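S.K.: One file is attached below, start-v1.txt, containing compact mmCIF, C-alpha atoms.
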```txt
# COMPACT_ATOMS: atom_id res chain seq x y z
CA MET A 22 41.73 -79.79 1.79
CA SER A 23 41.92 -79.44 -1.92
CA SER A 24 38.64 -77.58 -1.98
CA THR A 25 39.98 -75.16 0.63
CA SER A 26 43.09 -74.44 -1.36
CA ARG A 27 40.98 -73.99 -4.45
CA THR A 28 38.81 -71.49 -2.61
CA LEU A 29 41.86 -69.64 -1.38
CA SER A 30 43.44 -69.62 -4.78
CA SER A 31 40.28 -68.19 -6.30
CA THR A 32 40.14 -65.24 -3.94
CA PRO A 33 42.63 -63.02 -5.83
CA HIS A 34 40.28 -63.03 -8.79
CA THR A 35 37.92 -60.74 -6.92
CA THR A 36 39.57 -57.45 -6.23
CA PRO A 37 39.13 -56.24 -2.65
CA ASN A 38 37.35 -53.03 -3.52
CA SER A 39 34.67 -54.80 -5.55
CA ALA A 40 33.56 -56.98 -2.62
CA SER A 41 31.50 -55.67 0.25
CA SER A 42 29.71 -57.21 3.17
CA CYS A 43 26.08 -56.57 3.98
CA ALA A 44 25.74 -54.32 7.00
CA TRP A 45 22.77 -56.28 8.36
CA CYS A 46 23.21 -59.95 7.56
CA GLY A 47 26.98 -59.85 7.17
CA ARG A 48 27.14 -61.70 3.89
CA THR A 49 30.10 -60.82 1.74
CA VAL A 50 29.08 -60.22 -1.86
CA SER A 51 31.00 -59.17 -4.89
CA ALA A 52 29.79 -55.98 -6.52
CA ASP A 53 29.71 -57.31 -10.06
CA ALA A 54 29.70 -61.04 -10.66
CA ASP A 55 28.95 -62.27 -14.16
CA HIS A 56 25.81 -60.19 -14.62
CA SER A 57 25.41 -57.01 -16.53
CA ALA A 58 23.14 -55.24 -14.03
CA ARG A 59 24.93 -53.69 -11.10
CA ARG A 60 24.13 -55.18 -7.71
CA ARG A 61 22.31 -52.88 -5.35
CA HIS A 62 20.70 -55.06 -2.70
CA CYS A 63 22.12 -57.89 -0.63
CA PRO A 64 21.29 -61.19 -2.34
CA SER A 65 20.37 -63.01 0.86
CA CYS A 66 18.41 -60.47 2.90
CA LEU A 67 17.52 -58.05 0.02
CA GLN A 68 18.28 -54.99 2.19
CA VAL A 69 20.06 -51.98 0.80
CA PRO A 70 21.60 -49.00 2.62
CA HIS A 71 19.99 -45.64 1.93
CA LEU A 72 22.88 -43.93 0.18
CA LEU A 73 21.19 -42.34 -2.84
CA ASP A 74 18.41 -39.78 -2.82
CA PRO A 75 15.77 -40.82 -5.37
CA VAL A 76 13.92 -37.47 -5.28
CA ASP A 77 16.73 -34.99 -5.74
CA GLY A 78 19.36 -37.33 -7.09
CA GLY A 79 22.85 -37.44 -5.72
CA SER A 80 23.77 -38.92 -2.38
CA SER A 81 21.64 -39.07 0.73
CA ASP A 82 22.84 -38.59 4.27
CA CYS A 83 20.17 -40.82 5.79
CA ARG A 84 22.23 -44.04 5.80
CA GLY A 85 19.21 -45.94 7.03
CA ARG A 86 18.19 -49.48 6.25
CA MET A 87 15.92 -49.90 3.26
CA SER A 88 13.93 -53.07 3.70
CA PRO A 89 12.12 -54.84 0.84
CA ILE A 90 8.35 -54.34 0.91
CA ALA A 91 7.13 -55.58 -2.46
CA VAL A 92 7.94 -57.24 -5.75
CA ALA A 93 6.70 -55.47 -8.85
CA VAL A 94 6.81 -56.07 -12.59
CA PRO A 95 7.84 -53.09 -14.74
CA ARG A 96 6.80 -52.73 -18.35
CA THR A 97 10.07 -54.17 -19.52
CA GLY A 98 9.38 -57.43 -17.70
CA GLY A 99 11.33 -59.13 -14.98
CA TRP A 100 11.01 -58.51 -11.27
CA VAL A 101 12.04 -55.42 -9.35
CA VAL A 102 12.18 -55.19 -5.57
CA ILE A 103 10.61 -52.11 -3.99
CA HIS A 104 12.58 -50.92 -0.95
CA ARG A 105 11.38 -48.57 1.75
CA CYS A 106 13.69 -46.78 4.16
CA VAL A 107 12.77 -47.57 7.74
CA ARG A 108 13.99 -44.15 8.89
CA CYS A 109 12.68 -41.66 6.34
CA ASP A 110 10.14 -43.74 4.32
CA GLU A 111 11.76 -43.10 0.96
CA LEU A 112 11.03 -45.63 -1.78
CA THR A 113 13.49 -47.05 -4.28
CA SER A 114 13.48 -50.01 -6.61
CA SER A 115 16.18 -52.33 -7.82
CA PRO A 116 15.97 -55.17 -10.33
CA THR A 117 16.40 -58.69 -9.10
CA ARG A 118 19.34 -60.82 -10.12
CA ALA A 119 19.72 -64.51 -10.64
CA ASP A 120 21.67 -65.03 -7.41
CA ASP A 121 19.09 -63.37 -5.15
CA ASN A 122 17.42 -65.50 -2.52
CA GLN A 123 14.42 -66.83 -4.42
CA LEU A 124 12.65 -67.93 -1.25
CA VAL A 125 12.66 -64.39 0.15
CA LEU A 126 11.55 -63.02 -3.22
CA MET A 127 8.67 -65.47 -3.45
CA ARG A 128 7.61 -64.66 0.11
CA LEU A 129 7.42 -61.00 -0.87
CA ALA A 130 5.48 -61.77 -4.04
CA VAL A 131 2.77 -63.84 -2.37
CA ARG A 132 2.43 -61.66 0.71
CA PRO A 133 -0.57 -59.65 -0.60
CA LEU A 134 -2.46 -62.88 -1.18
CA ALA A 135 -1.86 -63.93 2.41
CA HIS A 136 -3.52 -60.75 3.68
CA PRO A 137 -6.47 -60.16 1.36
CA PRO A 138 -8.56 -57.09 2.24
CA PHE A 139 -11.65 -58.80 0.84
CA PRO A 140 -12.52 -62.47 0.35
CA LEU A 141 -10.88 -63.84 -2.76
CA GLU A 142 -13.26 -66.76 -3.20
CA ALA A 143 -15.58 -64.73 -5.47
CA PHE A 144 -12.80 -64.39 -8.04
CA GLY A 145 -12.91 -68.10 -8.71
CA ASP A 146 -16.29 -67.69 -10.41
CA LEU A 147 -15.19 -64.87 -12.70
CA MET B 12 -19.58 -58.90 -1.68
CA PRO B 13 -18.36 -57.67 1.68
CA ARG B 14 -15.54 -55.29 0.98
CA ARG B 15 -13.68 -55.50 4.25
CA ALA B 16 -13.53 -58.85 5.92
CA LYS B 17 -13.34 -58.78 9.67
CA ASN B 18 -10.06 -60.62 9.93
CA THR B 19 -8.65 -58.08 12.33
CA HIS B 20 -7.02 -60.58 14.64
CA ARG B 21 -3.55 -59.60 13.50
CA ARG B 22 -4.19 -55.91 13.08
CA THR B 23 -2.98 -53.77 15.91
CA ARG B 24 -5.03 -50.66 15.50
CA ALA B 25 -3.98 -49.18 18.82
CA ALA B 26 -0.27 -49.33 18.06
CA ARG B 27 -0.57 -47.77 14.62
CA ARG B 28 0.46 -44.26 13.80
CA PRO B 29 -2.59 -42.01 13.34
CA GLN B 30 -3.33 -40.74 9.87
CA ARG B 31 -1.55 -37.63 8.79
CA TYR B 32 -3.51 -34.41 9.18
CA LYS B 33 -5.06 -33.45 5.86
CA ASP B 34 -4.28 -29.88 4.92
CA VAL B 35 -4.15 -30.16 1.13
CA LEU B 36 -5.83 -27.18 -0.47
CA HIS B 37 -7.90 -28.84 -3.13
CA GLY B 38 -9.09 -26.45 -5.75
CA ARG B 39 -5.89 -24.41 -5.75
CA GLY B 40 -4.53 -26.25 -8.77
CA GLY B 41 -7.44 -25.25 -10.96
CA HIS B 42 -9.64 -28.26 -10.34
CA ARG B 43 -12.84 -28.56 -8.41
CA GLY B 44 -12.60 -28.73 -4.68
CA ASP B 45 -14.46 -31.94 -4.04
CA ALA B 46 -13.58 -34.10 -7.02
CA PHE B 47 -10.90 -34.78 -9.60
CA ARG B 48 -10.91 -36.27 -13.04
CA CYS B 49 -8.77 -39.35 -13.54
CA ALA B 50 -5.76 -38.84 -15.78
CA GLY B 51 -6.04 -42.37 -17.11
CA CYS B 52 -9.70 -43.18 -17.75
CA ARG B 53 -11.27 -39.68 -17.37
CA LEU B 54 -13.60 -40.85 -14.63
CA ASP B 55 -14.94 -38.16 -12.31
CA VAL B 56 -13.86 -39.24 -8.84
CA SER B 57 -15.24 -37.84 -5.61
CA LEU B 58 -12.70 -37.18 -2.89
CA ASP B 59 -14.62 -38.72 0.00
CA ALA B 60 -13.68 -42.36 -0.18
CA PRO B 61 -14.75 -45.09 2.23
CA GLY B 62 -11.90 -46.25 4.42
CA THR B 63 -9.41 -43.48 3.71
CA THR B 64 -9.17 -39.69 3.79
CA HIS B 65 -6.16 -39.60 1.47
CA ARG B 66 -7.49 -40.81 -1.83
CA ASN B 67 -4.98 -40.12 -4.56
CA HIS B 68 -5.81 -42.65 -7.23
CA CYS B 69 -8.73 -43.49 -9.45
CA PRO B 70 -10.89 -46.30 -8.03
CA ASN B 71 -11.50 -47.65 -11.52
CA CYS B 72 -8.04 -47.81 -13.13
CA LEU B 73 -5.80 -47.05 -10.09
CA VAL B 74 -3.96 -44.27 -11.94
CA SER B 75 -2.63 -41.37 -9.87
CA LEU B 76 -0.99 -38.02 -10.65
CA HIS B 77 2.53 -36.93 -9.70
CA VAL B 78 1.82 -33.81 -7.67
CA ASP B 79 3.51 -34.59 -4.33
CA ARG B 80 7.24 -34.49 -3.95
CA ARG B 81 8.58 -35.93 -0.71
CA VAL B 82 5.75 -35.70 1.79
CA PRO B 83 2.28 -36.90 0.72
CA GLY B 84 0.09 -33.82 0.27
CA ASP B 85 2.82 -31.20 -0.10
CA ARG B 86 1.93 -30.57 -3.80
CA ALA B 87 5.55 -29.57 -4.42
CA ALA B 88 6.27 -31.66 -7.51
CA ASP B 89 6.35 -29.87 -10.82
CA CYS B 90 6.20 -33.06 -12.85
CA ARG B 91 2.38 -33.42 -13.01
CA ALA B 92 2.64 -36.59 -15.07
CA ARG B 93 0.57 -39.73 -14.77
CA MET B 94 1.53 -42.32 -12.17
CA GLU B 95 0.58 -45.88 -12.97
CA ALA B 96 0.20 -48.70 -10.49
CA LEU B 97 3.40 -50.72 -10.39
CA GLY B 98 2.90 -53.25 -7.64
CA MET B 99 1.21 -54.11 -4.40
CA ALA B 100 2.82 -53.98 -0.97
CA VAL B 101 1.45 -55.04 2.39
CA ARG B 102 1.95 -53.14 5.60
CA PRO B 103 2.74 -55.19 8.71
CA ASP B 104 -0.86 -54.72 9.88
CA GLY B 105 -2.20 -56.31 6.70
CA GLU B 106 -3.26 -53.21 4.77
CA TRP B 107 -2.61 -53.26 1.05
CA MET B 108 -0.60 -50.40 -0.41
CA ILE B 109 -0.46 -49.57 -4.10
CA ILE B 110 3.02 -48.67 -5.32
CA HIS B 111 2.74 -46.01 -8.04
CA GLN B 112 5.48 -45.09 -10.47
CA CYS B 113 5.55 -41.89 -12.48
CA VAL B 114 5.63 -42.59 -16.21
CA SER B 115 7.65 -39.43 -16.82
CA CYS B 116 10.34 -39.32 -14.13
CA GLY B 117 10.10 -42.76 -12.55
CA ALA B 118 9.39 -41.56 -9.02
CA LEU B 119 7.74 -44.01 -6.64
CA SER B 120 4.99 -43.44 -4.12
CA ALA B 121 2.78 -45.60 -1.96
CA ASN B 122 -0.87 -45.14 -1.04
CA ARG B 123 -3.29 -47.27 0.90
CA ILE B 124 -6.14 -48.77 -1.07
CA ALA B 125 -9.61 -47.30 -0.63
CA GLY B 126 -12.80 -49.18 0.10
CA ASP B 127 -14.28 -48.60 -3.35
CA ASP B 128 -11.23 -49.48 -5.43
CA ASN B 129 -11.79 -51.91 -8.25
CA ALA B 130 -11.26 -55.28 -6.59
CA LEU B 131 -10.44 -57.03 -9.85
CA ALA B 132 -7.80 -54.45 -10.70
CA LEU B 133 -6.31 -54.80 -7.21
CA VAL B 134 -6.10 -58.57 -7.41
CA ARG B 135 -4.67 -58.45 -10.92
CA LEU B 136 -2.01 -56.06 -9.66
CA ALA B 137 -1.19 -58.31 -6.70
CA LEU B 138 -0.94 -61.34 -8.99
CA LYS B 139 1.27 -59.62 -11.54
CA PRO B 140 4.61 -60.99 -10.25
CA LEU B 141 3.20 -64.51 -10.25
CA ARG B 142 2.03 -64.22 -13.86
CA ASP B 143 5.57 -63.49 -15.00
CA PRO B 144 6.86 -66.10 -17.46
CA GLY B 145 9.99 -66.72 -15.41
CA VAL B 146 8.13 -67.63 -12.26
CA ALA B 147 8.35 -71.35 -12.98
CA ASP B 148 12.13 -71.17 -12.75
CA ARG B 149 11.91 -69.30 -9.48
CA MET B 150 9.70 -71.96 -7.95
CA ARG B 151 12.54 -74.45 -8.16
CA LEU B 152 14.09 -73.12 -5.00
CA ALA B 153 16.25 -76.11 -4.13
CA PRO B 154 19.43 -76.49 -6.24
```
Would you mind writing the structure in this file as structure tokens?
M.R.:
Amino acid sequence: MSSTSRTLSSTPHTTPNSASSCAWCGRTVSADADHSARRRHCPSCLQVPHLLDPVDGGSSDCRGRMSPIAVAVPRTGGWVVIHRCVRCDELTSSPTRADDNQLVLMRLAVRPLAHPPFPLEAFGDL
Amino acid sequence: MPRRAKNTHRRTRAARRPQRYKDVLHGRGGHRGDAFRCAGCRLDVSLDAPGTTHRNHCPNCLVSLHVDRRVPGDRAADCRARMEALGMAVRPDGEWMIIHQCVSCGALSANRIAGDDNALALVRLALKPLRDPGVADRMRLAP
């Protein structure tokens, strides 16, 4: 009971316009928690709506679902998630945050090793 | 070493979209019609690659060039900068895709690997997220 009242009393700290719910998994996330980087993808399913046009800049009218396809490491270090729009095949990237689902991220990172195009046993001798 | 293992049990070749028709006019941009020189390692690369008809990266250093804008092969980009391999993605049918990022404007593109790509460079690229120093903290998934 006390935990419920504490949860309810903590809700006014997040302003209503900074919180949004994911359109695909329904999780409600706050736009900016205690991190400096702005949140772009849903922390639990890592999907992001296709609202920005990465080629021309500005906004896009696709509104499709951009699903995560890969994890990459930029020169500055850290992990970025590569998204691909399922409707128009555009690619974007967004840096990961500490509250992202680490299990989904690790599944993305090891997925190339689960489907090797050539046998990887020879690399053990190198 | 066999380059393509026959683990095609999960690949659905019949249900896949056919490859895009290739109508790129090579040789229009001032280079030779049947080859290009890599922008990263200066290797002379022939355009007929085993396993793909859309080779766009060097088989030695995996570096590409930013010439396409939105559709692969449209040659509409005026950036012309080098694109370096950023990461490795996997299609649902198990094909590896190299994610390139332009070093000048940051644009992303994806291309399927070719049969003669440097296998060590491909595996190093696929292992790059796991070599990150912070990966040990990520492995502790349970709170």
S.K.: What residues in chain A lie within 7 Å of chain B, counting all atoms listed in the file, written as a PDB file with C-alpha atoms, keeping the file's coordinate frame?
M.R.:
```pdb
ATOM      1  CA  ILE A  90       8.350 -54.340   0.910  1.00  0.00           C
ATOM      2  CA  ALA A  91       7.130 -55.580  -2.460  1.00  0.00           C
ATOM      3  CA  VAL A  92       7.940 -57.240  -5.750  1.00  0.00           C
ATOM      4  CA  ALA A  93       6.700 -55.470  -8.850  1.00  0.00           C
ATOM      5  CA  VAL A  94       6.810 -56.070 -12.590  1.00  0.00           C
ATOM      6  CA  PRO A  95       7.840 -53.090 -14.740  1.00  0.00           C
ATOM      7  CA  TRP A 100      11.010 -58.510 -11.270  1.00  0.00           C
ATOM      8  CA  LEU A 112      11.030 -45.630  -1.780  1.00  0.00           C
ATOM      9  CA  THR A 113      13.490 -47.050  -4.280  1.00  0.00           C
ATOM     10  CA  GLN A 123      14.420 -66.830  -4.420  1.00  0.00           C
ATOM     11  CA  LEU A 124      12.650 -67.930  -1.250  1.00  0.00           C
ATOM     12  CA  ALA A 130       5.480 -61.770  -4.040  1.00  0.00           C
ATOM     13  CA  ARG A 132       2.430 -61.660   0.710  1.00  0.00           C
ATOM     14  CA  PRO A 133      -0.570 -59.650  -0.600  1.00  0.00           C
ATOM     15  CA  HIS A 136      -3.520 -60.750   3.680  1.00  0.00           C
ATOM     16  CA  PRO A 138      -8.560 -57.090   2.240  1.00  0.00           C
ATOM     17  CA  PHE A 139     -11.650 -58.800   0.840  1.00  0.00           C
ATOM     18  CA  PRO A 140     -12.520 -62.470   0.350  1.00  0.00           C
TER      19      PRO A 140
END
```
S.K.: Which residues are close to Ser88 in chain A, i.e. within 8 Å by all atoms listed in the file, leaving aside same-chain residues fewer than 6 positions away? Reply as number ranges by chain.
M.R.: A: 67-69, 104-107
S.K.: Those same residues, written as a short mmCIF file (atom, residue, chain, number, x, y, z; two decimals), in the frame of the given file with C-alpha atoms?
M.R.:
```
data_model
loop_
_atom_site.label_atom_id
_atom_site.label_comp_id
_atom_site.auth_asym_id
_atom_site.auth_seq_id
_atom_site.Cartn_x
_atom_site.Cartn_y
_atom_site.Cartn_z
CA LEU A 67 17.52 -58.05 0.02
CA GLN A 68 18.28 -54.99 2.19
CA VAL A 69 20.06 -51.98 0.80
CA HIS A 104 12.58 -50.92 -0.95
CA ARG A 105 11.38 -48.57 1.75
CA CYS A 106 13.69 -46.78 4.16
CA VAL A 107 12.77 -47.57 7.74
#
```
S.K.: Leaving out range 48-62 of chain B and any residue of its chain fewer than 5 positions from it, which residues lie within 10 Å of it when counting all atoms listed in the file, given as an MDAnalysis selection string?
M.R.: chainID B and resid 15 37 42:43 67:76 92:95 123:128
S.K.: As a compact mmCIF listing (two decimals), in the frame of the given file, please: range 47-58 of chain B completed to all heavy atoms.
M.R.:
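Below is the file that was written, result-v2.txt:
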```
# COMPACT_ATOMS: atom_id res chain seq x y z
N PHE B 47 -11.94 -34.92 -8.58
CA PHE B 47 -10.90 -34.78 -9.60
C PHE B 47 -11.24 -35.72 -10.74
O PHE B 47 -12.03 -36.65 -10.58
CB PHE B 47 -9.51 -35.08 -9.03
CG PHE B 47 -9.29 -36.50 -8.58
CD1 PHE B 47 -8.78 -37.45 -9.45
CD2 PHE B 47 -9.57 -36.87 -7.27
CE1 PHE B 47 -8.58 -38.75 -9.03
CE2 PHE B 47 -9.36 -38.17 -6.85
CZ PHE B 47 -8.87 -39.12 -7.73
N ARG B 48 -10.69 -35.42 -11.88
CA ARG B 48 -10.91 -36.27 -13.04
C ARG B 48 -9.65 -37.10 -13.26
O ARG B 48 -8.54 -36.60 -13.26
CB ARG B 48 -11.21 -35.43 -14.27
CG ARG B 48 -11.44 -36.29 -15.52
CD ARG B 48 -12.10 -35.50 -16.60
NE ARG B 48 -13.50 -35.29 -16.29
CZ ARG B 48 -14.32 -34.58 -17.05
NH1 ARG B 48 -13.87 -34.03 -18.15
NH2 ARG B 48 -15.57 -34.42 -16.71
N CYS B 49 -9.89 -38.41 -13.43
CA CYS B 49 -8.77 -39.35 -13.54
C CYS B 49 -7.96 -39.05 -14.80
O CYS B 49 -8.53 -38.78 -15.86
CB CYS B 49 -9.31 -40.77 -13.57
SG CYS B 49 -8.05 -41.99 -13.95
N ALA B 50 -6.64 -39.08 -14.64
CA ALA B 50 -5.76 -38.84 -15.78
C ALA B 50 -5.66 -40.04 -16.70
O ALA B 50 -5.12 -39.92 -17.80
CB ALA B 50 -4.36 -38.45 -15.29
N GLY B 51 -6.15 -41.19 -16.28
CA GLY B 51 -6.04 -42.37 -17.11
C GLY B 51 -7.32 -42.70 -17.85
O GLY B 51 -7.31 -42.88 -19.07
N CYS B 52 -8.45 -42.75 -17.12
CA CYS B 52 -9.70 -43.18 -17.75
C CYS B 52 -10.74 -42.07 -17.78
O CYS B 52 -11.87 -42.33 -18.19
CB CYS B 52 -10.27 -44.40 -17.03
SG CYS B 52 -10.76 -44.10 -15.33
N ARG B 53 -10.40 -40.87 -17.34
CA ARG B 53 -11.27 -39.68 -17.37
C ARG B 53 -12.52 -39.85 -16.52
O ARG B 53 -13.54 -39.22 -16.79
CB ARG B 53 -11.67 -39.32 -18.81
CG ARG B 53 -10.54 -39.29 -19.80
CD ARG B 53 -9.45 -38.38 -19.40
NE ARG B 53 -9.80 -36.97 -19.35
CZ ARG B 53 -9.07 -36.04 -18.76
NH1 ARG B 53 -7.96 -36.38 -18.14
NH2 ARG B 53 -9.45 -34.80 -18.75
N LEU B 54 -12.45 -40.67 -15.52
CA LEU B 54 -13.60 -40.85 -14.63
C LEU B 54 -13.61 -39.70 -13.63
O LEU B 54 -12.57 -39.30 -13.12
CB LEU B 54 -13.48 -42.19 -13.90
CG LEU B 54 -14.60 -42.55 -12.92
CD1 LEU B 54 -15.86 -42.94 -13.68
CD2 LEU B 54 -14.17 -43.67 -12.01
N ASP B 55 -14.80 -39.18 -13.35
CA ASP B 55 -14.94 -38.16 -12.31
C ASP B 55 -14.98 -38.86 -10.97
O ASP B 55 -15.86 -39.69 -10.72
CB ASP B 55 -16.21 -37.36 -12.53
CG ASP B 55 -15.97 -36.23 -13.51
OD1 ASP B 55 -14.90 -35.61 -13.42
OD2 ASP B 55 -16.83 -35.99 -14.36
N VAL B 56 -14.03 -38.53 -10.10
CA VAL B 56 -13.86 -39.24 -8.84
C VAL B 56 -14.13 -38.26 -7.71
O VAL B 56 -13.54 -37.18 -7.66
CB VAL B 56 -12.44 -39.81 -8.71
CG1 VAL B 56 -12.30 -40.59 -7.43
CG2 VAL B 56 -12.12 -40.71 -9.89
N SER B 57 -15.01 -38.64 -6.81
CA SER B 57 -15.24 -37.84 -5.61
C SER B 57 -14.12 -38.08 -4.60
O SER B 57 -13.53 -39.15 -4.56
CB SER B 57 -16.59 -38.21 -5.00
OG SER B 57 -16.69 -37.67 -3.70
N LEU B 58 -13.84 -37.07 -3.80
CA LEU B 58 -12.70 -37.18 -2.89
C LEU B 58 -13.04 -37.90 -1.59
O LEU B 58 -12.14 -38.34 -0.89
CB LEU B 58 -12.16 -35.79 -2.56
CG LEU B 58 -11.17 -35.23 -3.57
CD1 LEU B 58 -10.76 -33.86 -3.17
CD2 LEU B 58 -9.97 -36.12 -3.67
```
